[in-house]
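work_36.cif follows; it contains mmCIF, C-alpha atoms.
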```cif
data_model
#
loop_
_atom_site.label_atom_id
_atom_site.label_comp_id
_atom_site.auth_asym_id
_atom_site.auth_seq_id
_atom_site.Cartn_x
_atom_site.Cartn_y
_atom_site.Cartn_z
CA MET A 1 -37.77 86.89 133.07
CA GLY A 2 -40.56 84.33 132.98
CA ARG A 3 -40.19 80.74 134.12
CA ILE A 4 -41.03 77.91 131.73
CA ILE A 5 -42.44 74.84 133.49
CA GLY A 6 -43.10 71.49 131.84
CA ILE A 7 -45.80 69.36 133.48
CA THR A 8 -44.96 65.78 132.63
CA ASN A 9 -45.27 62.14 133.56
CA GLN A 10 -45.07 59.34 131.01
CA LYS A 11 -47.74 57.49 132.99
CA GLY A 12 -51.25 58.54 131.97
CA GLY A 13 -54.12 59.29 134.34
CA VAL A 14 -52.00 60.89 137.06
CA GLY A 15 -53.58 64.36 136.99
CA LYS A 16 -51.00 65.88 134.63
CA THR A 17 -53.41 67.99 132.60
CA THR A 18 -55.51 68.80 135.67
CA THR A 19 -52.35 70.13 137.30
CA ALA A 20 -51.35 72.12 134.20
CA ILE A 21 -54.78 73.77 133.90
CA ASN A 22 -55.30 74.53 137.55
CA LEU A 23 -51.76 75.61 138.36
CA ALA A 24 -52.08 78.08 135.47
CA GLY A 25 -55.42 79.24 136.88
CA ALA A 26 -54.10 79.62 140.42
CA LEU A 27 -51.01 81.53 139.28
CA ALA A 28 -53.20 83.83 137.17
CA SER A 29 -55.48 84.49 140.15
CA LYS A 30 -52.41 85.77 142.03
CA GLY A 31 -51.76 88.36 139.34
CA LYS A 32 -49.15 86.36 137.41
CA LYS A 33 -49.29 86.61 133.62
CA VAL A 34 -49.50 83.04 132.34
CA LEU A 35 -49.13 81.42 128.93
CA ALA A 36 -50.53 77.87 128.76
CA ILE A 37 -49.25 75.64 125.94
CA ASP A 38 -50.98 72.36 125.09
CA MET A 39 -48.37 70.01 123.58
CA ASP A 40 -50.55 66.90 123.96
CA PRO A 41 -52.24 65.67 120.74
CA GLN A 42 -55.23 64.65 122.87
CA GLY A 43 -55.90 68.34 123.49
CA ASN A 44 -57.34 67.94 126.96
CA MET A 45 -55.81 71.15 128.25
CA THR A 46 -57.31 72.99 125.28
CA SER A 47 -60.82 71.65 125.86
CA GLY A 48 -60.40 71.96 129.64
CA LEU A 49 -59.90 75.68 129.12
CA GLY A 50 -63.07 75.94 127.06
CA VAL A 51 -61.62 75.88 123.53
CA ASP A 52 -62.90 73.45 120.88
CA LYS A 53 -59.82 71.39 120.04
CA ASN A 54 -61.38 70.27 116.74
CA ARG A 55 -62.12 73.71 115.31
CA GLU A 56 -60.07 75.07 112.44
CA GLN A 57 -57.46 77.29 114.05
CA ASN A 58 -53.79 77.92 114.27
CA SER A 59 -52.28 75.83 117.03
CA ILE A 60 -48.94 74.82 118.48
CA TYR A 61 -48.62 72.42 115.54
CA GLU A 62 -48.68 75.18 112.91
CA THR A 63 -46.28 77.18 115.07
CA LEU A 64 -43.80 74.32 115.37
CA MET A 65 -43.99 73.74 111.62
CA GLY A 66 -43.36 77.41 110.86
CA ASP A 67 -46.74 77.86 109.17
CA CYS A 68 -47.63 80.73 111.51
CA ASN A 69 -45.93 82.76 114.21
CA ILE A 70 -46.72 82.24 117.86
CA GLY A 71 -48.83 85.39 118.02
CA GLU A 72 -51.12 83.98 115.33
CA SER A 73 -51.70 80.76 117.28
CA MET A 74 -52.15 82.41 120.68
CA ILE A 75 -55.62 82.90 122.14
CA VAL A 76 -55.21 86.12 124.13
CA ASP A 77 -56.98 86.80 127.45
CA LEU A 78 -58.88 83.53 127.43
CA PHE A 79 -59.28 84.18 131.16
CA PRO A 80 -57.83 87.06 133.19
CA ASN A 81 -54.02 86.76 132.95
CA ILE A 82 -54.21 83.51 130.92
CA ASN A 83 -53.29 83.16 127.25
CA LEU A 84 -53.43 79.79 125.50
CA ILE A 85 -51.69 78.17 122.57
CA PRO A 86 -54.03 75.28 121.77
CA SER A 87 -53.26 71.73 120.71
CA SER A 88 -54.01 70.02 117.40
CA ARG A 89 -54.56 66.37 116.56
CA ASN A 90 -51.92 66.91 113.85
CA LEU A 91 -49.35 66.82 116.66
CA ALA A 92 -49.65 63.03 116.55
CA GLY A 93 -47.54 63.03 113.38
CA ILE A 94 -44.96 65.57 114.50
CA GLU A 95 -42.14 63.01 114.66
CA VAL A 96 -42.33 62.60 110.88
CA ASP A 97 -43.17 66.23 110.12
CA LEU A 98 -40.02 67.52 111.84
CA LEU A 99 -37.66 65.14 110.05
CA ASP A 100 -36.49 67.85 107.66
CA VAL A 101 -36.11 70.51 110.36
CA ASP A 102 -32.61 71.38 111.56
CA LYS A 103 -32.23 70.53 115.27
CA PRO A 104 -35.93 69.64 115.67
CA GLN A 105 -35.63 69.17 119.43
CA MET A 106 -34.82 72.89 119.76
CA THR A 107 -37.86 74.11 117.82
CA LEU A 108 -40.07 75.09 120.77
CA LYS A 109 -37.16 76.64 122.69
CA ASN A 110 -36.38 78.94 119.78
CA ILE A 111 -40.06 79.89 119.42
CA LEU A 112 -40.49 80.73 123.11
CA ARG A 113 -37.27 82.72 123.52
CA PRO A 114 -38.85 86.14 122.74
CA LEU A 115 -41.85 85.43 125.01
CA ARG A 116 -39.93 84.93 128.23
CA LYS A 117 -40.05 88.63 129.09
CA LYS A 118 -43.78 88.90 128.39
CA PHE A 119 -45.04 86.24 130.82
CA ASP A 120 -44.32 85.40 134.44
CA PHE A 121 -44.98 81.71 133.82
CA ILE A 122 -45.22 79.56 130.71
CA ILE A 123 -46.92 76.25 131.58
CA ILE A 124 -46.47 73.40 129.07
CA ASP A 125 -48.76 70.38 129.26
CA CYS A 126 -46.68 67.50 127.87
CA PRO A 127 -48.07 64.29 126.35
CA PRO A 128 -47.83 61.09 128.43
CA ALA A 129 -44.96 59.77 126.29
CA LEU A 130 -41.25 60.46 125.98
CA GLY A 131 -41.26 61.39 122.27
CA MET A 132 -40.32 64.47 120.26
CA LEU A 133 -43.05 66.66 121.78
CA THR A 134 -41.91 66.00 125.34
CA VAL A 135 -38.26 66.39 124.34
CA ASN A 136 -39.11 69.78 122.79
CA ALA A 137 -40.97 70.85 125.92
CA LEU A 138 -38.18 69.79 128.29
CA THR A 139 -35.52 71.37 126.11
CA ALA A 140 -37.43 74.67 126.31
CA ALA A 141 -38.29 74.41 130.02
CA ASP A 142 -36.45 75.75 133.04
CA THR A 143 -38.05 73.22 135.36
CA VAL A 144 -40.30 70.16 135.45
CA ILE A 145 -43.23 69.41 137.75
CA VAL A 146 -44.09 65.72 137.99
CA PRO A 147 -47.61 64.82 139.20
CA ILE A 148 -47.79 61.42 140.91
CA GLN A 149 -51.07 59.67 141.62
CA CYS A 150 -51.46 58.24 145.11
CA GLU A 151 -51.70 54.62 144.04
CA PHE A 152 -49.70 51.40 144.43
CA PHE A 153 -47.75 51.83 141.18
CA ALA A 154 -46.97 55.51 141.81
CA LEU A 155 -43.27 55.13 141.09
CA ASP A 156 -43.75 53.11 137.88
CA GLY A 157 -42.03 54.85 135.01
CA LEU A 158 -40.64 57.62 137.21
CA THR A 159 -37.12 56.16 137.04
CA GLN A 160 -37.26 56.31 133.24
CA LEU A 161 -38.63 59.86 133.34
CA ILE A 162 -35.83 61.02 135.64
CA TYR A 163 -33.30 59.28 133.36
CA THR A 164 -34.77 61.15 130.37
CA ILE A 165 -34.67 64.46 132.22
CA ASN A 166 -31.02 63.86 133.14
CA LEU A 167 -30.23 62.94 129.53
CA ILE A 168 -31.87 66.12 128.23
CA ARG A 169 -29.97 68.11 130.85
CA LYS A 170 -26.71 66.58 129.63
CA LYS A 171 -27.34 66.83 125.88
CA LEU A 172 -29.81 69.67 125.25
CA ASN A 173 -30.67 71.80 128.28
CA HIS A 174 -27.95 72.10 130.92
CA ASN A 175 -30.14 74.24 133.18
CA LEU A 176 -33.15 71.91 133.38
CA GLU A 177 -34.21 71.13 136.95
CA ILE A 178 -36.90 68.98 138.51
CA GLU A 179 -38.88 71.71 140.23
CA GLY A 180 -40.86 69.25 142.27
CA VAL A 181 -43.16 66.27 142.58
CA VAL A 182 -46.80 66.83 143.51
CA PHE A 183 -49.13 64.12 144.80
CA THR A 184 -52.57 63.99 143.15
CA MET A 185 -55.83 62.10 143.68
CA TYR A 186 -55.19 61.71 147.39
CA ASP A 187 -58.00 59.86 149.16
CA SER A 188 -57.94 60.52 152.89
CA ARG A 189 -60.41 57.66 153.45
CA THR A 190 -57.83 55.02 152.53
CA ASN A 191 -54.58 53.96 154.16
CA LEU A 192 -53.08 53.40 150.71
CA SER A 193 -52.84 57.08 149.82
CA ALA A 194 -50.99 57.89 153.05
CA GLU A 195 -48.70 54.88 152.57
CA VAL A 196 -47.86 55.92 149.02
CA VAL A 197 -46.99 59.46 150.09
CA GLU A 198 -44.77 58.16 152.89
CA ASN A 199 -43.08 55.61 150.59
CA VAL A 200 -42.32 58.16 147.88
CA ARG A 201 -41.01 60.72 150.36
CA GLU A 202 -38.65 58.08 151.77
CA ASN A 203 -37.40 56.76 148.43
CA LEU A 204 -37.44 59.67 145.98
CA ASP A 205 -34.43 61.95 146.09
CA GLU A 206 -36.25 64.93 144.57
CA ILE A 207 -38.08 67.98 145.87
CA ILE A 208 -41.60 67.00 146.91
CA TYR A 209 -44.19 69.73 147.36
CA ASP A 210 -46.06 69.93 150.64
CA THR A 211 -49.29 70.38 148.66
CA VAL A 212 -51.29 67.18 148.20
CA VAL A 213 -54.17 67.41 145.72
CA PRO A 214 -57.21 65.43 146.94
CA ARG A 215 -59.75 63.48 144.96
CA ASN A 216 -62.47 66.07 144.52
CA VAL A 217 -65.74 65.96 142.61
CA ARG A 218 -65.69 69.67 141.81
CA LEU A 219 -62.15 69.34 140.45
CA ALA A 220 -63.31 66.54 138.16
CA GLU A 221 -66.33 68.56 137.00
CA ALA A 222 -64.51 71.79 136.12
CA PRO A 223 -63.03 70.68 132.74
CA SER A 224 -66.49 69.89 131.38
CA PHE A 225 -67.36 73.56 131.94
CA GLY A 226 -64.10 74.69 130.33
CA ILE A 227 -62.79 76.69 133.28
CA PRO A 228 -60.08 76.24 135.95
CA ILE A 229 -61.24 75.08 139.37
CA ASN A 230 -60.49 78.46 140.98
CA LEU A 231 -63.18 80.01 138.76
CA TYR A 232 -65.58 77.05 138.90
CA ASP A 233 -65.60 76.58 142.67
CA PRO A 234 -62.94 78.61 144.49
CA ARG A 235 -63.96 77.19 147.88
CA SER A 236 -63.57 73.54 146.87
CA ALA A 237 -60.79 71.38 148.26
CA GLY A 238 -59.27 71.11 144.78
CA ALA A 239 -59.13 74.89 144.31
CA ILE A 240 -57.56 75.36 147.74
CA ALA A 241 -54.92 72.71 146.97
CA TYR A 242 -53.88 74.29 143.67
CA ASP A 243 -53.83 77.71 145.31
CA HIS A 244 -51.33 76.32 147.83
CA LEU A 245 -49.32 74.68 145.03
CA ALA A 246 -49.12 78.02 143.21
CA ASP A 247 -47.76 79.62 146.40
CA GLU A 248 -45.08 76.92 146.61
CA VAL A 249 -44.16 77.34 142.94
CA ILE A 250 -43.85 81.12 143.30
CA ALA A 251 -41.72 80.69 146.44
CA ASN A 252 -39.42 78.06 144.90
CA LYS A 253 -35.90 78.69 146.19
CA LEU A 254 -34.43 77.92 142.77
CA PHE A 255 -35.76 81.29 141.62
CA GLN A 256 -35.25 83.50 144.66
#
```
Translate the structure of the given file into structure tokens.
Amino acid sequence: MGRIIGITNQKGGVGKTTTAINLAGALASKGKKVLAIDMDPQGNMTSGLGVDKNREQNSIYETLMGDCNIGESMIVDLFPNINLIPSSRNLAGIEVDLLDVDKPQMTLKNILRPLRKKFDFIIIDCPPALGMLTVNALTAADTVIVPIQCEFFALDGLTQLIYTINLIRKKLNHNLEIEGVVFTMYDSRTNLSAEVVENVRENLDEIIYDTVVPRNVRLAEAPSFGIPINLYDPRSAGAIAYDHLADEVIANKLFQ
């Protein structure tokens, strides 16, 4: 049965979408069948995978609202082993749109239930906010990966995020686990990045992946070409890092 992973951090600019796109790409390159779901109204995962987020199309919004089934919103074989359910700017109003829906926080979980046997991994890119979209994603997910940028305020907001995860575990999804924390935007030229990693490892009582994703020009360029880094430049430091992260995710002891 496939694993559903939410990629989330309420702090923006931490490499959340970069991690969602490139973890999906790395898993797919290892022969895993992956479904990527863009739950962020900004649609950066959608455009980062080469799909025009402004074109008229069925999206996760129409699926959540019951206007189409998930097969009608899914872009099949976007890349080898990768299917995508794109975002829509209409997601920005989902809080109001779901007011009349029974148990709205369970909507995505109910939609994804029949897909678990069809994919090895379902990767959900969550918005950088703790609203209804993120609650839906975490209620549907088995685990959460939290990207943390190697900067001075790395732990800002993480306490609130962990509190929210624990609350969802208690109220909505008893099996939800924090799969791990991954450091992003690591700059080996500065002492700060190393100090941040050391500080977080000492103070955060969660699983922290060995993989550290470096600042990398090729990694920053890849979304503008609409392809994951492993297809854009498989020899780059960014591609190698996400390849290692995929290995760690596959080997996670929670699922052995």
What would the selection look like, as a tab-separated table (two decimals) with C-alpha atoms, in the frame of the given file, if the PyMOL selection byres ((chain A and resi 243) around 9) were run on the coordinates I just shared?
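For reference, selection24.tsv as written:
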```tsv
chain	number	residue	atom	x	y	z
A	22	ASN	CA	-55.30	74.53	137.55
A	23	LEU	CA	-51.76	75.61	138.36
A	25	GLY	CA	-55.42	79.24	136.88
A	26	ALA	CA	-54.10	79.62	140.42
A	27	LEU	CA	-51.01	81.53	139.28
A	29	SER	CA	-55.48	84.49	140.15
A	30	LYS	CA	-52.41	85.77	142.03
A	230	ASN	CA	-60.49	78.46	140.98
A	238	GLY	CA	-59.27	71.11	144.78
A	239	ALA	CA	-59.13	74.89	144.31
A	240	ILE	CA	-57.56	75.36	147.74
A	241	ALA	CA	-54.92	72.71	146.97
A	242	TYR	CA	-53.88	74.29	143.67
A	244	HIS	CA	-51.33	76.32	147.83
A	245	LEU	CA	-49.32	74.68	145.03
A	246	ALA	CA	-49.12	78.02	143.21
A	247	ASP	CA	-47.76	79.62	146.40
A	248	GLU	CA	-45.08	76.92	146.61
```
Next on the checklist: Could you list, as a ChimeraX atom specification, every residue within 9 Å of Ile145 (chain A), counting all atoms listed in the file and ignoring same-chain residues fewer than 6 positions away?
Outcome noted: /A:5-9,178-182
Next on the checklist: From the options A:Asp52, A:Asn216, A:Asp210, A:Arg3, which residue's atoms come nearest to Phe119 (chain A), counting all atoms listed in the file?
Outcome noted: A:Arg3
To test the calculation: enclose all listed atoms of region 6-22 of chain A in a box whose edges run along x, y and z, add 3 Å on each side, then state centre and edge lengths in Å to one decimal, as lines of an AutoDock Vina configuration file.
```
center_x = -49.3
center_y = 66.0
center_z = 134.3
size_x = 18.4
size_y = 23.0
size_z = 12.5
```
Checklist entry - On this structure, which residues satisfy the PyMOL selection byres ((chain A and resi 115) around 12), written as a PyMOL selection string? => result chain A and resi 1-4+33-35+69-71+74+83+108-114+116-122+140
Would you output that residue set with C-alpha atoms, as a PDB file, keeping the file's coordinate frame?
```
ATOM      1  CA  MET A   1     -37.770  86.890 133.070  1.00  0.00           C
ATOM      2  CA  GLY A   2     -40.560  84.330 132.980  1.00  0.00           C
ATOM      3  CA  ARG A   3     -40.190  80.740 134.120  1.00  0.00           C
ATOM      4  CA  ILE A   4     -41.030  77.910 131.730  1.00  0.00           C
ATOM      5  CA  LYS A  33     -49.290  86.610 133.620  1.00  0.00           C
ATOM      6  CA  VAL A  34     -49.500  83.040 132.340  1.00  0.00           C
ATOM      7  CA  LEU A  35     -49.130  81.420 128.930  1.00  0.00           C
ATOM      8  CA  ASN A  69     -45.930  82.760 114.210  1.00  0.00           C
ATOM      9  CA  ILE A  70     -46.720  82.240 117.860  1.00  0.00           C
ATOM     10  CA  GLY A  71     -48.830  85.390 118.020  1.00  0.00           C
ATOM     11  CA  MET A  74     -52.150  82.410 120.680  1.00  0.00           C
ATOM     12  CA  ASN A  83     -53.290  83.160 127.250  1.00  0.00           C
ATOM     13  CA  LEU A 108     -40.070  75.090 120.770  1.00  0.00           C
ATOM     14  CA  LYS A 109     -37.160  76.640 122.690  1.00  0.00           C
ATOM     15  CA  ASN A 110     -36.380  78.940 119.780  1.00  0.00           C
ATOM     16  CA  ILE A 111     -40.060  79.890 119.420  1.00  0.00           C
ATOM     17  CA  LEU A 112     -40.490  80.730 123.110  1.00  0.00           C
ATOM     18  CA  ARG A 113     -37.270  82.720 123.520  1.00  0.00           C
ATOM     19  CA  PRO A 114     -38.850  86.140 122.740  1.00  0.00           C
ATOM     20  CA  ARG A 116     -39.930  84.930 128.230  1.00  0.00           C
ATOM     21  CA  LYS A 117     -40.050  88.630 129.090  1.00  0.00           C
ATOM     22  CA  LYS A 118     -43.780  88.900 128.390  1.00  0.00           C
ATOM     23  CA  PHE A 119     -45.040  86.240 130.820  1.00  0.00           C
ATOM     24  CA  ASP A 120     -44.320  85.400 134.440  1.00  0.00           C
ATOM     25  CA  PHE A 121     -44.980  81.710 133.820  1.00  0.00           C
ATOM     26  CA  ILE A 122     -45.220  79.560 130.710  1.00  0.00           C
ATOM     27  CA  ALA A 140     -37.430  74.670 126.310  1.00  0.00           C
TER      28      ALA A 140
END
```
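Closest to Thr159 (chain A) among A:Val76, A:Glu206, A:Ser47, A:Ile94 is A:Glu206, based on all atoms listed in the file.
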Next on the checklist: Nearest residue to Tyr209 (chain A) out of A:Ile123, A:Leu98, A:Ala92, A:Val146, using only C-alpha atoms?
Outcome noted: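 Closest to Tyr209 (chain A) of all the choices is A:Val146.
Every residue that the PyMOL selection byres ((chain A and resi 161) around 10) selects in this file is listed here: Thr8, Asn9, Gln10, Lys11, Ala129, Leu130, Val146, Asp156, Gly157, Leu158, Thr159, Gln160, Ile162, Tyr163, Thr164, Ile165, Asn166 and Leu167 of chain A.
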Item to check | Nearest candidate to Ala194 (chain A) (options A:Pro234, A:Gly226, A:Gln149, A:Pro127; using all atoms listed in the file) | outcome: A:Gln149
Item to check | Using only C-alpha atoms: which of A:Ile85, A:Leu64, A:Ile75, A:Cys150 has the shortest distance to Met132 (chain A) | outcome: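 Closest residue, counting only C-alpha atoms: A:Leu64.
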Next on the checklist: Just to confirm, what's the straight-line distance from CA of Ala36 (chain A) to CA of Arg235 (chain A) in Å (one decimal)?
Outcome noted: 23.4 Å
Item to check | Residue with smallest distance to Val135 (chain A) - pool A:Met39, A:Val217, A:Val200, A:Ile60, counting only C-alpha atoms | outcome: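 Smallest distance to Val135 (chain A) is found for A:Met39.
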Next on the checklist: Just to confirm, what's the straight-line distance from CA of Asp187 (chain A) to CA of Thr211 (chain A) in Å (one decimal)?
Outcome noted: 13.7 Å
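CA of Gly93 (chain A) sits 11.4 Å away from CA of Met65 (chain A).
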Item to check | Test item: residues at most 12 Å from Ser224 (chain A), all atoms listed in the file, excluding those fewer than 2 positions along its chain, as a PyMOL selection string | outcome: chain A and resi 18+44-52+217-222+226-229+232
Could you save those same residues with C-alpha atoms as a PDB file, in the coordinates of the input?
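After the write, selection-v6.pdb holds the following:
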```pdb
ATOM      1  CA  THR A  18     -55.510  68.800 135.670  1.00  0.00           C
ATOM      2  CA  ASN A  44     -57.340  67.940 126.960  1.00  0.00           C
ATOM      3  CA  MET A  45     -55.810  71.150 128.250  1.00  0.00           C
ATOM      4  CA  THR A  46     -57.310  72.990 125.280  1.00  0.00           C
ATOM      5  CA  SER A  47     -60.820  71.650 125.860  1.00  0.00           C
ATOM      6  CA  GLY A  48     -60.400  71.960 129.640  1.00  0.00           C
ATOM      7  CA  LEU A  49     -59.900  75.680 129.120  1.00  0.00           C
ATOM      8  CA  GLY A  50     -63.070  75.940 127.060  1.00  0.00           C
ATOM      9  CA  VAL A  51     -61.620  75.880 123.530  1.00  0.00           C
ATOM     10  CA  ASP A  52     -62.900  73.450 120.880  1.00  0.00           C
ATOM     11  CA  VAL A 217     -65.740  65.960 142.610  1.00  0.00           C
ATOM     12  CA  ARG A 218     -65.690  69.670 141.810  1.00  0.00           C
ATOM     13  CA  LEU A 219     -62.150  69.340 140.450  1.00  0.00           C
ATOM     14  CA  ALA A 220     -63.310  66.540 138.160  1.00  0.00           C
ATOM     15  CA  GLU A 221     -66.330  68.560 137.000  1.00  0.00           C
ATOM     16  CA  ALA A 222     -64.510  71.790 136.120  1.00  0.00           C
ATOM     17  CA  GLY A 226     -64.100  74.690 130.330  1.00  0.00           C
ATOM     18  CA  ILE A 227     -62.790  76.690 133.280  1.00  0.00           C
ATOM     19  CA  PRO A 228     -60.080  76.240 135.950  1.00  0.00           C
ATOM     20  CA  ILE A 229     -61.240  75.080 139.370  1.00  0.00           C
ATOM     21  CA  TYR A 232     -65.580  77.050 138.900  1.00  0.00           C
TER      22      TYR A 232
END
```
